[in-house]
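Working notes for the structure below.
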Amino acid sequence: MSIIVGFVPTPAGEAALAAGIAEARLRNQDLVIVNSAREGALVDKSVAPDDVLAKASRQAADAGVTARVIQPPYQHDLADEFLDVAREEDASLIVIGLRHRTQVGKFILGSHAQRILMQADRPVLAVKADGGQF
């Protein structure tokens, strides 16, 4: 079993990474850092550069946690792809970061985090960028 972290290069992503490392250390499990890009997208701000992903892996290693990064492309739905990875990795916990969005923003754009929270078949830990938990 492992801990799965949804990582994007944002404060919410950093908060998720920190919480994931703490949980992996506490549970003595490996960490899988997931950073996905839409298949065929020329530019995607959620894709972390290699140096940022290397830093994330070093943070885990410095905490005594074995970590690996995967970057599965997704075609239609990021939440579905992420949940598929959690099942494939037999995750004991999913960790995601949240950011504040307006009601209109949620309605127009949808919410990957909300779908992960509602559709996951395993525990989900949601953290805010300021370190608080929901």
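Letters A, B, ... mark the chains of the structure tokens in the order given; residue numbers begin at 1 per chain; ligand numbers begin at 1, in order shown.
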
Excluding Ser57 (chain A) and its own-chain neighbours fewer than 6 positions away, which residues fall within 9 Å of it when counting only C-alpha atoms? Please give them as an mmCIF file with N, CA and C atoms, in the first residue's frame.
data_model
loop_
_atom_site.group_PDB
_atom_site.id
_atom_site.type_symbol
_atom_site.label_atom_id
_atom_site.label_comp_id
_atom_site.auth_asym_id
_atom_site.auth_seq_id
_atom_site.Cartn_x
_atom_site.Cartn_y
_atom_site.Cartn_z
ATOM 1 N N ILE A 33 3.815 10.430 -5.885
ATOM 2 C CA ILE A 33 3.501 11.810 -6.223
ATOM 3 C C ILE A 33 2.960 11.820 -7.643
ATOM 4 N N VAL A 65 11.173 8.989 3.714
ATOM 5 C CA VAL A 65 10.073 8.367 2.980
ATOM 6 C C VAL A 65 10.527 8.023 1.566
ATOM 7 N N THR A 66 10.246 6.814 1.131
ATOM 8 C CA THR A 66 10.521 6.415 -0.249
ATOM 9 C C THR A 66 9.428 6.975 -1.131
ATOM 10 N N ALA A 67 9.822 7.713 -2.156
ATOM 11 C CA ALA A 67 8.829 8.356 -3.025
ATOM 12 C C ALA A 67 9.194 8.142 -4.481
ATOM 13 N N ARG A 68 8.167 8.143 -5.299
ATOM 14 C CA ARG A 68 8.367 8.147 -6.746
ATOM 15 C C ARG A 68 7.329 9.054 -7.370
ATOM 16 N N VAL A 69 7.698 9.607 -8.505
ATOM 17 C CA VAL A 69 6.827 10.527 -9.221
ATOM 18 C C VAL A 69 6.271 9.814 -10.449
#

| field | Close residues, region 92-97 of chain A itself excluded, 8 Å, only C-alpha atoms, min 5 positions apart in chain, as a list in words | value | Met1, Ser2, Ile3, Ile4, Val5, Gly6, Phe7, Ala12, Gly13, Glu14, Ala15, Ala16, Leu17, Ala19, Gly20, Ala86, Ala113, Arg122, Pro123, Val124, Leu125, Ala126, Val127, Lys128 and Ala129 of chain A

Counting only C-alpha atoms, what are the residues of region 20-102 of chain A within 10 Å of region 118-121 of chain A, and for each of them which pair of atoms is the nearest and at what distance in Å, to one decimal? Sort the table by chain and rising number, as CSV.
residue,atom,partner,partner_atom,distance
A:Ala79,CA,A:Gln119,CA,8.9
A:Asp80,CA,A:Gln119,CA,8.9
A:Phe82,CA,A:Ala120,CA,9.6
A:Leu83,CA,A:Ala120,CA,6.5
A:Asp84,CA,A:Ala120,CA,9.6
A:Ala86,CA,A:Ala120,CA,8.7
A:Arg87,CA,A:Asp121,CA,8.5
A:Ala91,CA,A:Asp121,CA,10.0
A:Leu93,CA,A:Ala120,CA,9.8
A:Ile94,CA,A:Ala120,CA,8.5

Could you take the residues named above and write them with N, CA, C and O atoms, as a JSON list (two decimals), in the first residue's frame?
[["chain", "number", "residue", "atom", "x", "y", "z"],
["A", 79, "ALA", "N", -9.96, 13.84, -12.62],
["A", 79, "ALA", "CA", -10.40, 13.15, -11.41],
["A", 79, "ALA", "C", -10.49, 11.65, -11.63],
["A", 79, "ALA", "O", -10.04, 10.86, -10.80],
["A", 80, "ASP", "N", -11.05, 11.24, -12.76],
["A", 80, "ASP", "CA", -11.14, 9.81, -13.06],
["A", 80, "ASP", "C", -9.75, 9.18, -13.18],
["A", 80, "ASP", "O", -9.51, 8.09, -12.66],
["A", 82, "PHE", "N", -6.97, 10.22, -11.83],
["A", 82, "PHE", "CA", -6.36, 10.21, -10.51],
["A", 82, "PHE", "C", -6.90, 9.06, -9.66],
["A", 82, "PHE", "O", -6.14, 8.35, -8.99],
["A", 83, "LEU", "N", -8.21, 8.85, -9.69],
["A", 83, "LEU", "CA", -8.80, 7.76, -8.93],
["A", 83, "LEU", "C", -8.38, 6.40, -9.48],
["A", 83, "LEU", "O", -8.20, 5.44, -8.72],
["A", 84, "ASP", "N", -8.19, 6.30, -10.79],
["A", 84, "ASP", "CA", -7.66, 5.06, -11.39],
["A", 84, "ASP", "C", -6.26, 4.76, -10.85],
["A", 84, "ASP", "O", -5.94, 3.62, -10.52],
["A", 86, "ALA", "N", -5.02, 5.74, -7.99],
["A", 86, "ALA", "CA", -5.16, 5.33, -6.59],
["A", 86, "ALA", "C", -5.53, 3.85, -6.47],
["A", 86, "ALA", "O", -4.99, 3.14, -5.62],
["A", 87, "ARG", "N", -6.41, 3.39, -7.34],
["A", 87, "ARG", "CA", -6.77, 1.96, -7.33],
["A", 87, "ARG", "C", -5.60, 1.09, -7.79],
["A", 87, "ARG", "O", -5.30, 0.07, -7.17],
["A", 91, "ALA", "N", -3.76, 2.48, -3.02],
["A", 91, "ALA", "CA", -3.51, 3.55, -2.06],
["A", 91, "ALA", "C", -4.32, 3.35, -0.78],
["A", 91, "ALA", "O", -5.50, 3.04, -0.83],
["A", 93, "LEU", "N", -4.42, 5.92, 1.27],
["A", 93, "LEU", "CA", -4.87, 7.28, 1.50],
["A", 93, "LEU", "C", -4.57, 8.13, 0.27],
["A", 93, "LEU", "O", -3.51, 7.97, -0.35],
["A", 94, "ILE", "N", -5.49, 9.00, -0.06],
["A", 94, "ILE", "CA", -5.31, 9.99, -1.13],
["A", 94, "ILE", "C", -5.17, 11.34, -0.45],
["A", 94, "ILE", "O", -5.97, 11.68, 0.43]]

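Taking CA of Pro9 (chain A) as the reference point, CA of Arg99 (chain A) is found at 12.7 Å.
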